[in-house]
$ cat input29.tsv   # TSV, C-alpha atoms
chain	number	residue	atom	x	y	z
A	1	MET	CA	6.26	35.10	-51.49
A	2	GLY	CA	6.55	31.33	-51.76
A	3	GLU	CA	9.41	29.08	-52.87
A	4	LEU	CA	7.63	27.52	-55.85
A	5	TYR	CA	8.30	29.23	-59.18
A	6	ILE	CA	5.55	28.69	-61.72
A	7	ASP	CA	4.91	30.63	-64.92
A	8	GLY	CA	7.20	33.48	-63.96
A	9	GLU	CA	5.84	33.98	-60.43
A	10	TRP	CA	6.97	32.93	-56.96
A	11	THR	CA	4.03	31.27	-55.32
A	12	GLN	CA	3.04	29.22	-52.30
A	13	ALA	CA	1.91	25.60	-52.44
A	14	ALA	CA	-1.76	25.30	-53.37
A	15	ALA	CA	-2.55	23.10	-50.37
A	16	GLY	CA	-0.37	25.10	-47.97
A	17	GLY	CA	2.17	22.34	-47.43
A	18	ARG	CA	5.45	23.22	-45.69
A	19	ARG	CA	8.66	21.32	-44.94
A	20	ASP	CA	11.58	22.07	-42.61
A	21	VAL	CA	15.07	22.18	-44.12
A	22	ILE	CA	17.53	20.69	-41.61
A	23	ASN	CA	21.19	21.64	-41.10
A	24	PRO	CA	23.06	18.30	-41.08
A	25	TYR	CA	25.74	19.60	-38.73
A	26	ASP	CA	23.59	20.20	-35.69
A	27	ALA	CA	20.11	19.06	-36.82
A	28	SER	CA	18.75	22.59	-36.41
A	29	VAL	CA	16.03	23.99	-38.69
A	30	VAL	CA	17.59	26.30	-41.29
A	31	THR	CA	14.27	27.44	-42.75
A	32	THR	CA	10.88	26.19	-43.85
A	33	VAL	CA	9.89	25.95	-47.52
A	34	ASP	CA	6.75	25.22	-49.50
A	35	GLU	CA	5.81	21.60	-50.13
A	36	ALA	CA	4.06	21.14	-53.47
A	37	ASP	CA	1.50	18.53	-54.48
A	38	ALA	CA	0.09	17.21	-57.75
A	39	THR	CA	-1.95	20.40	-58.27
A	40	ASP	CA	1.20	22.53	-58.22
A	41	VAL	CA	2.97	20.09	-60.53
A	42	ASP	CA	0.12	20.31	-63.03
A	43	ARG	CA	0.27	24.11	-62.97
A	44	ALA	CA	4.02	24.05	-63.55
A	45	VAL	CA	3.87	21.55	-66.42
A	46	ARG	CA	1.06	23.47	-68.09
A	47	ALA	CA	3.09	26.68	-67.79
A	48	ALA	CA	6.10	24.97	-69.35
A	49	ARG	CA	3.91	23.61	-72.17
A	50	ARG	CA	2.42	27.04	-72.85
A	51	ALA	CA	5.86	28.66	-72.88
A	52	PHE	CA	7.20	26.03	-75.27
A	53	ALA	CA	4.26	26.42	-77.66
A	54	GLU	CA	3.45	30.13	-77.34
A	55	GLU	CA	6.54	31.97	-76.14
A	56	ASP	CA	8.44	30.47	-79.08
A	57	TRP	CA	11.42	29.72	-76.86
A	58	ALA	CA	12.17	26.71	-79.05
A	59	ASN	CA	12.65	28.96	-82.08
A	60	ALA	CA	14.35	31.82	-80.27
A	61	PRO	CA	17.67	32.81	-81.87
A	62	THR	CA	20.50	30.77	-80.43
A	63	ARG	CA	22.24	34.03	-79.52
A	64	ARG	CA	19.32	34.93	-77.26
A	65	ARG	CA	19.48	31.61	-75.45
A	66	ALA	CA	23.27	31.82	-75.18
A	67	ASP	CA	23.08	35.35	-73.76
A	68	LEU	CA	20.63	34.19	-71.09
A	69	LEU	CA	22.97	31.39	-70.02
A	70	MET	CA	25.96	33.75	-69.88
A	71	ARG	CA	24.01	36.17	-67.71
A	72	VAL	CA	23.25	33.30	-65.32
A	73	HIS	CA	26.96	32.45	-65.34
A	74	ASP	CA	27.86	36.00	-64.37
A	75	LEU	CA	25.21	36.15	-61.63
A	76	LEU	CA	26.44	32.87	-60.14
A	77	LEU	CA	29.94	34.30	-59.88
A	78	ARG	CA	28.56	37.48	-58.35
A	79	ASP	CA	26.77	35.50	-55.61
A	80	ARG	CA	29.17	32.58	-55.34
A	81	GLU	CA	30.09	32.99	-51.66
A	82	ASP	CA	26.49	33.29	-50.48
A	83	ILE	CA	25.48	30.31	-52.60
A	84	ALA	CA	28.42	28.23	-51.36
A	85	ARG	CA	27.52	28.94	-47.74
A	86	THR	CA	23.90	28.00	-48.43
A	87	GLU	CA	25.05	24.74	-50.02
A	88	THR	CA	27.05	23.92	-46.91
A	89	LEU	CA	24.06	24.64	-44.68
A	90	ASP	CA	21.90	22.46	-46.91
A	91	THR	CA	24.16	19.45	-47.43
A	92	GLY	CA	26.77	19.53	-44.66
A	93	LYS	CA	29.68	19.52	-47.12
A	94	THR	CA	32.69	21.72	-46.42
A	95	LEU	CA	32.86	25.29	-47.69
A	96	THR	CA	35.86	24.30	-49.80
A	97	GLU	CA	33.79	21.65	-51.57
A	98	ALA	CA	30.81	24.00	-51.90
A	99	ARG	CA	32.90	26.78	-53.42
A	100	ILE	CA	34.29	24.38	-56.00
A	101	ASP	CA	30.73	23.25	-56.78
A	102	VAL	CA	29.56	26.83	-57.46
A	103	GLU	CA	32.51	27.44	-59.78
A	104	ASP	CA	31.63	24.24	-61.64
A	105	VAL	CA	27.98	25.31	-61.88
A	106	ALA	CA	28.97	28.65	-63.39
A	107	ASN	CA	31.28	26.86	-65.82
A	108	ALA	CA	28.42	24.57	-66.88
A	109	PHE	CA	26.28	27.55	-67.84
A	110	ARG	CA	29.18	29.10	-69.74
A	111	TYR	CA	29.90	25.84	-71.57
A	112	TYR	CA	26.33	25.46	-72.79
A	113	ALA	CA	26.12	29.16	-73.64
A	114	GLU	CA	29.06	28.66	-75.99
A	115	LEU	CA	27.65	25.39	-77.31
A	116	ALA	CA	24.23	26.93	-78.01
A	117	GLY	CA	25.69	29.19	-80.69
A	118	LYS	CA	27.31	26.37	-82.63
A	119	ASP	CA	25.68	24.64	-85.57
A	120	GLY	CA	24.65	21.23	-84.34
A	121	GLY	CA	23.54	20.04	-87.77
A	122	ARG	CA	25.28	17.53	-89.99
A	123	VAL	CA	25.40	17.45	-93.80
A	124	VAL	CA	24.86	14.03	-95.34
A	125	ASP	CA	26.29	13.29	-98.79
A	126	VAL	CA	23.41	11.92	-100.87
A	127	GLY	CA	24.69	12.85	-104.32
A	128	PRO	CA	24.94	15.91	-106.57
A	129	ASP	CA	22.35	18.70	-106.61
A	130	VAL	CA	20.85	17.59	-103.29
A	131	LEU	CA	21.58	19.04	-99.85
A	132	SER	CA	20.62	16.77	-96.96
A	133	ARG	CA	21.15	18.13	-93.47
A	134	VAL	CA	20.46	16.46	-90.12
A	135	VAL	CA	19.28	19.00	-87.55
A	136	TYR	CA	18.27	18.67	-83.91
A	137	GLN	CA	15.05	20.02	-82.45
A	138	PRO	CA	14.18	20.66	-78.79
A	139	VAL	CA	12.23	17.82	-77.25
A	140	GLY	CA	9.70	20.01	-75.42
A	141	VAL	CA	8.82	20.03	-71.71
A	142	CYS	CA	11.52	18.46	-69.54
A	143	ALA	CA	10.99	17.12	-66.02
A	144	LEU	CA	14.33	17.52	-64.23
A	145	ILE	CA	14.86	15.74	-60.90
A	146	ALA	CA	18.13	16.36	-59.04
A	147	PRO	CA	19.64	14.50	-56.05
A	148	TRP	CA	20.62	15.60	-52.55
A	149	ASN	CA	24.41	15.17	-52.59
A	150	TYR	CA	25.27	17.73	-55.31
A	151	PRO	CA	21.94	19.54	-55.57
A	152	LEU	CA	23.09	22.67	-57.38
A	153	LEU	CA	25.72	21.06	-59.60
A	154	GLN	CA	23.44	18.23	-60.73
A	155	ALA	CA	20.61	20.70	-61.37
A	156	SER	CA	22.88	22.85	-63.53
A	157	TRP	CA	23.86	19.85	-65.65
A	158	LYS	CA	20.18	19.42	-66.46
A	159	VAL	CA	18.95	23.02	-66.64
A	160	ALA	CA	21.73	24.57	-68.73
A	161	PRO	CA	21.54	22.12	-71.68
A	162	ALA	CA	17.74	22.14	-71.58
A	163	LEU	CA	17.68	25.92	-71.95
A	164	ALA	CA	20.47	25.96	-74.54
A	165	ALA	CA	18.53	23.54	-76.75
A	166	GLY	CA	15.28	25.53	-76.55
A	167	ASN	CA	13.39	23.34	-74.11
A	168	THR	CA	11.26	24.44	-71.18
A	169	PHE	CA	11.45	22.64	-67.86
A	170	VAL	CA	10.02	21.86	-64.46
A	171	LEU	CA	12.79	21.27	-61.91
A	172	LYS	CA	12.40	19.29	-58.67
A	173	PRO	CA	15.35	19.18	-56.28
A	174	SER	CA	15.63	16.75	-53.40
A	175	GLU	CA	13.24	17.65	-50.61
A	176	THR	CA	16.15	17.61	-48.13
A	177	THR	CA	18.42	20.04	-50.05
A	178	PRO	CA	16.34	22.57	-52.01
A	179	LEU	CA	17.86	25.91	-50.99
A	180	THR	CA	20.57	26.49	-53.59
A	181	THR	CA	18.22	25.34	-56.34
A	182	VAL	CA	15.80	28.05	-55.27
A	183	ALA	CA	18.71	30.50	-55.43
A	184	MET	CA	19.63	29.36	-58.95
A	185	ILE	CA	16.08	29.77	-60.23
A	186	ARG	CA	16.03	33.30	-58.79
A	187	LEU	CA	19.14	34.05	-60.85
A	188	ILE	CA	17.57	32.55	-63.98
A	189	GLU	CA	14.60	34.85	-63.39
A	190	GLU	CA	16.92	37.82	-62.88
A	191	ALA	CA	18.74	36.91	-66.09
A	192	GLY	CA	15.48	37.36	-68.01
A	193	ALA	CA	14.03	33.92	-68.71
A	194	PRO	CA	10.52	34.29	-70.19
A	195	PRO	CA	7.61	33.24	-67.95
A	196	GLY	CA	7.00	29.50	-68.04
A	197	VAL	CA	10.38	28.58	-69.49
A	198	ALA	CA	11.83	27.76	-66.06
A	199	ASN	CA	9.62	26.31	-63.32
A	200	LEU	CA	10.44	24.99	-59.85
A	201	VAL	CA	8.45	22.67	-57.59
A	202	LEU	CA	9.58	21.42	-54.18
A	203	GLY	CA	8.50	18.27	-52.43
A	204	SER	CA	9.00	14.55	-51.96
A	205	GLY	CA	9.73	12.10	-54.71
A	206	ALA	CA	6.76	9.95	-53.73
A	207	THR	CA	4.30	12.81	-54.26
A	208	VAL	CA	5.81	15.54	-56.43
A	209	GLY	CA	8.29	13.38	-58.32
A	210	ALA	CA	5.64	10.80	-59.19
A	211	ALA	CA	3.18	13.47	-60.35
A	212	LEU	CA	5.89	15.06	-62.49
A	213	THR	CA	7.26	11.94	-64.16
A	214	GLY	CA	3.77	10.62	-64.85
A	215	HIS	CA	2.33	13.85	-66.25
A	216	PRO	CA	1.06	13.38	-69.82
A	217	ASP	CA	2.43	16.75	-71.00
A	218	VAL	CA	6.04	15.92	-70.05
A	219	ASP	CA	8.20	14.98	-73.04
A	220	LEU	CA	11.43	14.01	-71.27
A	221	VAL	CA	12.39	12.96	-67.74
A	222	SER	CA	15.95	13.43	-66.52
A	223	PHE	CA	16.51	11.79	-63.14
A	224	THR	CA	19.58	11.31	-60.97
A	225	GLY	CA	19.04	9.10	-57.95
A	226	GLY	CA	18.34	5.58	-56.78
A	227	LEU	CA	17.76	2.40	-58.73
A	228	ASN	CA	14.24	1.69	-57.48
A	229	THR	CA	13.03	5.16	-58.41
A	230	GLY	CA	14.70	4.81	-61.80
A	231	ARG	CA	12.73	1.62	-62.42
A	232	ALA	CA	9.48	3.39	-61.52
A	233	ILE	CA	10.29	6.24	-63.90
A	234	MET	CA	10.99	3.79	-66.72
A	235	ALA	CA	7.63	2.15	-66.11
A	236	ALA	CA	5.86	5.54	-66.12
A	237	ALA	CA	7.71	6.60	-69.27
A	238	ALA	CA	6.51	3.50	-71.10
A	239	GLU	CA	2.93	4.64	-70.51
A	240	GLY	CA	3.72	7.95	-72.25
A	241	PRO	CA	5.75	7.10	-74.14
A	242	ARG	CA	8.41	9.71	-73.36
A	243	ASN	CA	12.16	10.12	-73.42
A	244	ILE	CA	14.14	9.34	-70.27
A	245	ALA	CA	17.68	9.98	-69.08
A	246	LEU	CA	18.59	8.08	-65.92
A	247	GLU	CA	21.78	8.38	-63.89
A	248	LEU	CA	21.41	5.83	-61.14
A	249	GLY	CA	24.89	6.00	-59.67
A	250	GLY	CA	26.83	3.22	-58.06
A	251	LYS	CA	29.70	2.51	-55.74
A	252	ASN	CA	33.04	1.53	-57.17
A	253	PRO	CA	36.04	-0.31	-55.74
A	254	ASN	CA	39.61	0.92	-55.65
A	255	ILE	CA	41.87	-1.94	-56.70
A	256	VAL	CA	45.39	-1.83	-55.28
A	257	PHE	CA	48.13	-4.18	-56.51
A	258	ALA	CA	51.43	-4.75	-54.76
A	259	ASP	CA	53.41	-2.83	-57.37
A	260	ALA	CA	51.30	0.34	-57.08
A	261	ASP	CA	52.68	3.63	-55.75
A	262	PHE	CA	51.76	2.90	-52.14
A	263	GLU	CA	51.48	6.46	-50.82
A	264	ALA	CA	49.53	7.66	-53.85
A	265	ALA	CA	47.17	4.68	-53.60
A	266	VAL	CA	46.40	5.45	-49.94
A	267	ASP	CA	45.81	9.14	-50.71
A	268	TYR	CA	43.51	8.41	-53.65
A	269	ALA	CA	41.59	5.81	-51.68
A	270	LEU	CA	41.03	8.28	-48.85
A	271	ASP	CA	39.83	10.94	-51.28
A	272	ALA	CA	37.52	8.47	-52.98
A	273	ALA	CA	35.92	7.33	-49.73
A	274	PHE	CA	35.73	10.53	-47.69
A	275	LEU	CA	35.11	13.34	-50.19
A	276	HIS	CA	31.76	14.87	-49.19
A	277	SER	CA	31.59	12.24	-46.44
A	278	GLY	CA	31.54	9.51	-49.08
A	279	GLN	CA	28.25	10.80	-50.51
A	280	VAL	CA	29.33	10.66	-54.15
A	281	CYS	CA	27.77	8.36	-56.73
A	282	SER	CA	31.24	7.49	-58.05
A	283	ALA	CA	32.83	7.19	-54.61
A	284	GLY	CA	35.44	4.49	-54.14
A	285	SER	CA	33.78	3.13	-51.06
A	286	ARG	CA	35.29	-0.37	-51.37
A	287	LEU	CA	38.91	-1.50	-51.47
A	288	LEU	CA	40.30	-4.62	-53.16
A	289	VAL	CA	43.91	-4.94	-52.04
A	290	GLU	CA	46.44	-7.58	-53.10
A	291	ASP	CA	47.39	-9.89	-50.23
A	292	ALA	CA	51.07	-8.91	-50.32
A	293	VAL	CA	50.34	-5.33	-49.23
A	294	HIS	CA	46.95	-5.82	-47.59
A	295	ASP	CA	47.86	-5.49	-43.92
A	296	ARG	CA	50.27	-2.60	-44.50
A	297	PHE	CA	47.71	-0.78	-46.63
A	298	VAL	CA	44.85	-1.20	-44.15
A	299	GLU	CA	47.05	0.03	-41.30
A	300	ALA	CA	48.16	3.14	-43.21
A	301	TYR	CA	44.66	3.82	-44.46
A	302	ALA	CA	43.10	3.51	-41.01
A	303	GLU	CA	45.73	5.74	-39.44
A	304	ARG	CA	45.08	8.54	-41.93
A	305	ALA	CA	41.33	8.09	-41.80
A	306	ARG	CA	41.29	8.51	-38.03
A	307	ALA	CA	43.13	11.82	-38.43
A	308	ILE	CA	40.43	13.35	-40.66
A	309	ARG	CA	39.00	16.42	-38.96
A	310	LEU	CA	35.23	16.10	-38.72
A	311	GLY	CA	33.09	19.10	-37.91
A	312	ASN	CA	31.01	21.98	-39.17
A	313	GLY	CA	31.43	22.51	-42.89
A	314	MET	CA	31.41	26.26	-42.23
A	315	ASP	CA	34.72	25.97	-40.32
A	316	GLU	CA	37.74	26.30	-42.58
A	317	GLY	CA	39.63	23.59	-40.66
A	318	THR	CA	36.98	20.93	-41.25
A	319	GLU	CA	38.03	18.21	-43.67
A	320	SER	CA	34.81	16.20	-43.68
A	321	GLY	CA	31.32	17.34	-42.72
A	322	PRO	CA	28.35	15.27	-41.58
A	323	LEU	CA	26.15	12.99	-43.60
A	324	SER	CA	23.32	14.93	-45.20
A	325	SER	CA	20.44	13.49	-43.16
A	326	ALA	CA	19.51	11.28	-40.25
A	327	GLY	CA	18.13	8.75	-42.72
A	328	HIS	CA	21.50	8.40	-44.40
A	329	ARG	CA	23.24	7.97	-41.07
A	330	GLU	CA	20.84	5.16	-40.22
A	331	LYS	CA	21.67	3.46	-43.52
A	332	VAL	CA	25.40	3.69	-42.84
A	333	GLU	CA	24.91	2.25	-39.36
A	334	GLY	CA	22.98	-0.61	-40.93
A	335	TYR	CA	25.79	-1.30	-43.42
A	336	ILE	CA	28.36	-1.30	-40.61
A	337	ALA	CA	26.29	-3.69	-38.53
A	338	LEU	CA	25.89	-6.01	-41.53
A	339	ALA	CA	29.61	-5.95	-42.25
A	340	GLN	CA	30.42	-6.72	-38.65
A	341	GLU	CA	28.00	-9.63	-38.65
A	342	GLU	CA	29.72	-11.05	-41.71
A	343	GLY	CA	33.13	-10.68	-40.07
A	344	ALA	CA	34.37	-8.14	-42.58
A	345	ARG	CA	37.45	-6.09	-41.80
A	346	LEU	CA	36.08	-2.63	-41.11
A	347	VAL	CA	37.94	0.65	-41.17
A	348	THR	CA	36.12	3.44	-39.37
A	349	GLY	CA	37.55	6.87	-40.01
A	350	GLY	CA	37.56	10.17	-38.24
A	351	THR	CA	38.38	11.49	-34.83
A	352	ARG	CA	35.56	13.58	-33.48
A	353	PRO	CA	36.50	17.07	-32.39
A	354	ASP	CA	35.46	18.16	-28.93
A	355	ASP	CA	32.19	19.69	-30.04
A	356	PRO	CA	28.85	18.84	-28.40
A	357	ALA	CA	27.04	19.60	-31.68
A	358	LEU	CA	28.44	16.36	-33.10
A	359	SER	CA	26.15	14.44	-30.80
A	360	ARG	CA	23.19	16.18	-32.45
A	361	GLY	CA	24.33	16.26	-36.07
A	362	PHE	CA	24.44	13.42	-38.59
A	363	PHE	CA	27.94	12.08	-37.87
$ encode --input "input29.tsv" --output "structure tokens"
Amino acid sequence: MGELYIDGEWTQAAAGGRRDVINPYDASVVTTVDEADATDVDRAVRAARRAFAEEDWANAPTRRRADLLMRVHDLLLRDREDIARTETLDTGKTLTEARIDVEDVANAFRYYAELAGKDGGRVVDVGPDVLSRVVYQPVGVCALIAPWNYPLLQASWKVAPALAAGNTFVLKPSETTPLTTVAMIRLIEEAGAPPGVANLVLGSGATVGAALTGHPDVDLVSFTGGLNTGRAIMAAAAEGPRNIALELGGKNPNIVFADADFEAAVDYALDAAFLHSGQVCSAGSRLLVEDAVHDRFVEAYAERARAIRLGNGMDEGTESGPLSSAGHREKVEGYIALAQEEGARLVTGGTRPDDPALSRGFF
């Protein structure tokens, strides 16, 4: 049995491609999964198109779609601990963070289950004896591409509304963090999704992502990730044309004035910078501090940052796990080197526990 899910069946990659999934804590191989190519993408998109046109998912009673989403919600809660532990293995985040993520994922499916049963139409007053109603129709086949930092949560924010609205989809998680997405698709299958409604392909953005976003039978692309990829998707969408939804993230500053609650400002700034090792698209990874409190703030911030307990996300005492990949660590090292060259004041956080695995993991 493979890890690609196409037209209601778990299947292996057509060309036999495989990819190792790496544990960020100690750089060990967690497992090996299928690596799709354009042939697999074409099969998945065609399955989604057939399901949209022939399975009549678009016209299924809203109660049927809502019931499916609620069953997924219940299954997520049933398996929440296993899924949370898998998310930690995949991303390096702490179990506390992963458990919160799974709860949020379940809540997303419940929210859209409840929303699916509500009348989304709108009556427009055009005069007597005439009833004019605006209604919304499913767009069709959706290409859903999720990022590596919140792989399951971001996927749920795309999958649940797509299903609630009567769309079919092909989902591609990040190639570095696919495991909980595979688990979620297994639950959607268990919940009774018709063949072809939900499809999953694994692989790199350069190969699988490009084939998916450029496929002529895709009606909408939802992508969360980097700016350069977002630009490429916009260009491909213009060829379609097709609908796009891009969340390209960004890094935001915390601004601290002298009259702020000092202790609260330090706490919030730490949370903003070190939650999930700073791998959050809305992370407050920069600080703009008023001169009057600058030195005091930097000193307090650095002292608390150095006390953060780094380590294995599986350990309950860990406060911050590793970065999710060696590539991300290299980027951070590059940013630090650049900042040092420019003479910036740099705060480096975290005291490393006495654990030889930290020399192998992505810390």
$ closest_residue --input "input29.tsv" --among "A:Ala198, A:Leu246, A:Ala264, A:Leu187" --to "A:His73" --atoms "all atoms listed in the file"
A:Leu187
$ residues_around --input "input29.tsv" --residues "A:Ala155" --least-positions-apart "5" --cutoff "8 Å" --atoms "all atoms listed in the file" --output "PyMOL selection string"
chain A and resi 144-146+171+173+181
$ residues_around --input "input29.tsv" --residues "stretch 131-133 of chain A" --least-positions-apart "2" --cutoff "6 Å" --atoms "only C-alpha atoms" --output "list of chain:residue names"
A:Arg122, A:Val123, A:Val124
$ closest_atom_pairs --input "input29.tsv" --of "stretch 42-85 of chain A" --to "stretch 188-191 of chain A" --cutoff "10 Å" --atoms "all atoms listed in the file" --output "CSV"
residue,atom,partner,partner_atom,distance
A:Asp67,CA,A:Ala191,CA,8.9
A:Leu68,CA,A:Ala191,CA,6.0
A:Leu69,CA,A:Ala191,CA,8.0
A:Met70,CA,A:Ala191,CA,8.7
A:Arg71,CA,A:Ala191,CA,5.6
A:Val72,CA,A:Ala191,CA,5.8
A:His73,CA,A:Ala191,CA,9.4
A:Asp74,CA,A:Ala191,CA,9.3
A:Leu75,CA,A:Ala191,CA,7.9
A:Leu76,CA,A:Ile188,CA,9.7
$ closest_atom_pairs --input "input29.tsv" --of "stretch 175-234 of chain A" --to "stretch 40-55 of chain A" --cutoff "7 Å" --atoms "all atoms listed in the file" --output "Markdown table"
| residue | atom | partner | partner_atom | distance |
| --- | --- | --- | --- | --- |
| A:Pro195 | CA | A:Ala51 | CA | 7.0 |
| A:Gly196 | CA | A:Ala48 | CA | 4.8 |
| A:Val197 | CA | A:Ala48 | CA | 5.6 |
| A:Asn199 | CA | A:Ala44 | CA | 6.0 |
| A:Val201 | CA | A:Val41 | CA | 6.7 |
| A:Val208 | CA | A:Val41 | CA | 6.8 |
| A:Ala211 | CA | A:Val41 | CA | 6.6 |
| A:Leu212 | CA | A:Val41 | CA | 6.1 |
| A:Asp217 | CA | A:Val45 | CA | 6.8 |
$ residues_around --input "input29.tsv" --residues "A:His328" --least-positions-apart "2" --cutoff "12 Å" --atoms "only C-alpha atoms" --output "PyMOL selection string"
chain A and resi 24+91+148-149+176+277-279+322-326+330-335+361-363
$ atom_distance --input "input29.tsv" --atom1 "atom CA of A:Asp295" --atom2 "atom CA of A:Ala260"
14.8 Å
$ atom_distance --input "input29.tsv" --atom1 "atom CA of A:Ile308" --atom2 "atom CA of A:Arg296"
19.1 Å
$ closest_residue --input "input29.tsv" --among "A:Thr224, A:Asn23, A:Thr168, A:Asn243" --to "A:Thr86" --atoms "all atoms listed in the file"
A:Asn23
$ atom_distance --input "input29.tsv" --atom1 "atom CA of A:His215" --atom2 "atom CA of A:Lys172"
13.7 Å
$ closest_residue --input "input29.tsv" --among "A:Asp34, A:Arg304, A:Ile185, A:Gly209" --to "A:Asp20" --atoms "all atoms listed in the file"
A:Asp34
$ closest_residue --input "input29.tsv" --among "A:Ile336, A:Ala206, A:Ala162, A:Val21" --to "A:Ala38" --atoms "all atoms listed in the file"
A:Ala206
$ closest_residue --input "input29.tsv" --among "A:Ala36, A:Ala300, A:Val134, A:Ala108" --to "A:Gly17" --atoms "only C-alpha atoms"
A:Ala36
$ closest_residue --input "input29.tsv" --among "A:Glu247, A:Glu114, A:Asp315, A:Glu341" --to "A:Ile233" --atoms "all atoms listed in the file"
A:Glu247
$ residues_around --input "input29.tsv" --residues "A:Ala273" --least-positions-apart "3" --cutoff "9 Å" --atoms "all atoms listed in the file" --output "list in words"
Tyr268, Ala269, Leu270, His276, Ser277, Gly278, Gln279, Val280, Ala283, Gly284, Ser285 and Arg286 of chain A
$ axis_aligned_box --input "input29.tsv" --around "stretch 290-302 of chain A" --padding-each-side "6 Å" --output "AutoDock Vina command-line options"
--center_x 47.1 --center_y -3.0 --center_z -47.1 --size_x 20.0 --size_y 25.7 --size_z 24.1
$ residues_around --input "input29.tsv" --residues "A:Ile100" --least-positions-apart "3" --cutoff "12 Å" --atoms "all atoms listed in the file" --output "PDB file with C-alpha atoms, keeping the file's coordinate frame"
ATOM      1  CA  LEU A  77      29.940  34.300 -59.880  1.00  0.00           C
ATOM      2  CA  ARG A  80      29.170  32.580 -55.340  1.00  0.00           C
ATOM      3  CA  GLU A  81      30.090  32.990 -51.660  1.00  0.00           C
ATOM      4  CA  ILE A  83      25.480  30.310 -52.600  1.00  0.00           C
ATOM      5  CA  ALA A  84      28.420  28.230 -51.360  1.00  0.00           C
ATOM      6  CA  ARG A  85      27.520  28.940 -47.740  1.00  0.00           C
ATOM      7  CA  GLU A  87      25.050  24.740 -50.020  1.00  0.00           C
ATOM      8  CA  THR A  88      27.050  23.920 -46.910  1.00  0.00           C
ATOM      9  CA  LYS A  93      29.680  19.520 -47.120  1.00  0.00           C
ATOM     10  CA  THR A  94      32.690  21.720 -46.420  1.00  0.00           C
ATOM     11  CA  LEU A  95      32.860  25.290 -47.690  1.00  0.00           C
ATOM     12  CA  THR A  96      35.860  24.300 -49.800  1.00  0.00           C
ATOM     13  CA  GLU A  97      33.790  21.650 -51.570  1.00  0.00           C
ATOM     14  CA  GLU A 103      32.510  27.440 -59.780  1.00  0.00           C
ATOM     15  CA  ASP A 104      31.630  24.240 -61.640  1.00  0.00           C
ATOM     16  CA  VAL A 105      27.980  25.310 -61.880  1.00  0.00           C
ATOM     17  CA  ALA A 106      28.970  28.650 -63.390  1.00  0.00           C
ATOM     18  CA  ASN A 107      31.280  26.860 -65.820  1.00  0.00           C
ATOM     19  CA  TYR A 150      25.270  17.730 -55.310  1.00  0.00           C
ATOM     20  CA  LEU A 152      23.090  22.670 -57.380  1.00  0.00           C
ATOM     21  CA  LEU A 153      25.720  21.060 -59.600  1.00  0.00           C
ATOM     22  CA  HIS A 276      31.760  14.870 -49.190  1.00  0.00           C
TER      23      HIS A 276
END
$ decode --input "input29.tsv" --residues "stretch 84-96 of chain A" --atoms "C-alpha atoms" --output "PDB file, in the first residue's frame"
ATOM      1  CA  ALA A  84      -0.016  14.879  17.801  1.00  0.00           C
ATOM      2  CA  ARG A  85       2.987  12.620  18.328  1.00  0.00           C
ATOM      3  CA  THR A  86       3.322  12.159  14.571  1.00  0.00           C
ATOM      4  CA  GLU A  87       3.212  15.927  14.096  1.00  0.00           C
ATOM      5  CA  THR A  88       6.035  16.324  16.593  1.00  0.00           C
ATOM      6  CA  LEU A  89       8.117  13.685  14.809  1.00  0.00           C
ATOM      7  CA  ASP A  90       7.442  15.421  11.506  1.00  0.00           C
ATOM      8  CA  THR A  91       7.996  19.064  12.435  1.00  0.00           C
ATOM      9  CA  GLY A  92      10.031  19.080  15.652  1.00  0.00           C
ATOM     10  CA  LYS A  93       7.447  21.178  17.512  1.00  0.00           C
ATOM     11  CA  THR A  94       6.639  20.326  21.117  1.00  0.00           C
ATOM     12  CA  LEU A  95       3.891  17.869  22.002  1.00  0.00           C
ATOM     13  CA  THR A  96       2.038  20.689  23.743  1.00  0.00           C
TER      14      THR A  96
END
